[in-house]
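**Q** Could you have a look at this structure, given as structure tokens, before my questions?
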Amino acid sequence: MRVTANSETCAVSSLCVYRVPGVFDQDEDGLVLVLDESPAEALHEEIRRAARGCPTKSIRVIEETAAGAPAAGERPSGSAVKTGDRAGEAR
Ligand code: SF4
């Protein structure tokens with residue numbers, strides 16, 4: 001998971017800071033700061049709640065695949081699929 005926040009739209013409600021203080025903080029103007037952009041898995045659900053609860057939707061949560069690896073298991077179909085060969089023919 002990666003966490004970002006947009007301080008330009010932050011309404012200084014402090015909700016995220018109260019919910020996950022190790023991940024969110026506020027600057028001297030009260031605007032959101034992200035302290036930990038790659039938080040521990042144990043915090044993920046609470047961070048998702050903070051994002052959902054943000055009144056201005058200023059928190060963005062990016063779910064990543066395991067170890068940040070690119071999505072696996074998707075291969076191009078190649079040339080194995082031919083149309084008009086056997087498709088639709090009776091047995
Ligand atoms: S919950 Fe949203 S509006 Fe409130 S401080 Fe956090 S980012 Fe800003």
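Each chain in the structure tokens gets a letter, A, B and so on, in the order shown; residues start at 1 in every chain, and ligands are counted from 1 in the order they appear.
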May I have the residues within 6 Å of ligand 1, computed using only C-alpha atoms and all ligand atoms, as a PyMOL selection string?

**A** chain A and resi 10-16+32+54-56+58-59

**Q** At a cut-off of 12 Å, using only C-alpha atoms, what residues contact Ala40 (chain A)? Leave out same-chain residues fewer than 5 positions from it and give the result as a PyMOL selection string.

**A** chain A and resi 1-3+20+22-23+45-47

**Q** I need the residues from that last selection saved to file as a PDB file, in the first residue's frame (with C-alpha atoms), if you can.

**A**
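Output contents, as saved in result-v1.pdb:
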ATOM      1  CA  MET A   1       0.000   0.000   0.000  1.00  0.00           C
ATOM      2  CA  ARG A   2       1.073   3.522  -0.735  1.00  0.00           C
ATOM      3  CA  VAL A   3      -0.551   6.524   0.896  1.00  0.00           C
ATOM      4  CA  VAL A  20      -3.743   6.910  12.422  1.00  0.00           C
ATOM      5  CA  GLY A  22       1.793   7.334  12.994  1.00  0.00           C
ATOM      6  CA  VAL A  23       0.896   7.810   9.358  1.00  0.00           C
ATOM      7  CA  GLU A  45      -7.540  -1.205   7.277  1.00  0.00           C
ATOM      8  CA  GLU A  46      -7.417   1.804   9.573  1.00  0.00           C
ATOM      9  CA  ILE A  47      -5.856   3.860   6.781  1.00  0.00           C
TER      10      ILE A  47
END

**Q** From the set A:Pro21, A:Val34, A:Leu43, A:Ile62, which residue has the shortest atom-to-atom contact distance to Ala5 (chain A), counting only C-alpha atoms?

**A**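 The shortest atom-to-atom distance to Ala5 (chain A) comes from A:Val34.
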
**Q** Looking at A:Glu37, A:Glu64, A:Leu31, A:Arg52, which one is nearest to Thr9 (chain A), with distances taken over only C-alpha atoms?

**A**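 Among A:Glu37, A:Glu64, A:Leu31, A:Arg52, it is A:Leu31 that comes nearest to Thr9 (chain A).
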
**Q** Let me make sure I understand: among A:Thr65, A:Asp25, A:Thr4, A:Leu35, which one has the smallest atom-to-atom distance to Arg48 (chain A) if we use only C-alpha atoms?

**A**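 For Arg48 (chain A), the nearest of the candidates is A:Thr4.
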
**Q** For the atom pair CA of Asp36 (chain A) and CA of Lys57 (chain A), what is the interatomic distance in Å to one decimal place?

**A**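 Answer for the CA of Asp36 (chain A) to CA of Lys57 (chain A) separation: 18.4 Å.
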
**Q** Run DSSP on the backbone and grab whatever in region 7-58 of chain A lands in alpha helix (DSSP H); send it over as a list in words.

**A**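 The alpha helix (DSSP H) residues within region 7-58 of chain A come out as Leu15, Cys16, Val17, Tyr18, Arg19, His44, Glu45, Glu46, Ile47, Arg48, Arg49, Ala50, Ala51, Arg52 and Gly53 of chain A.
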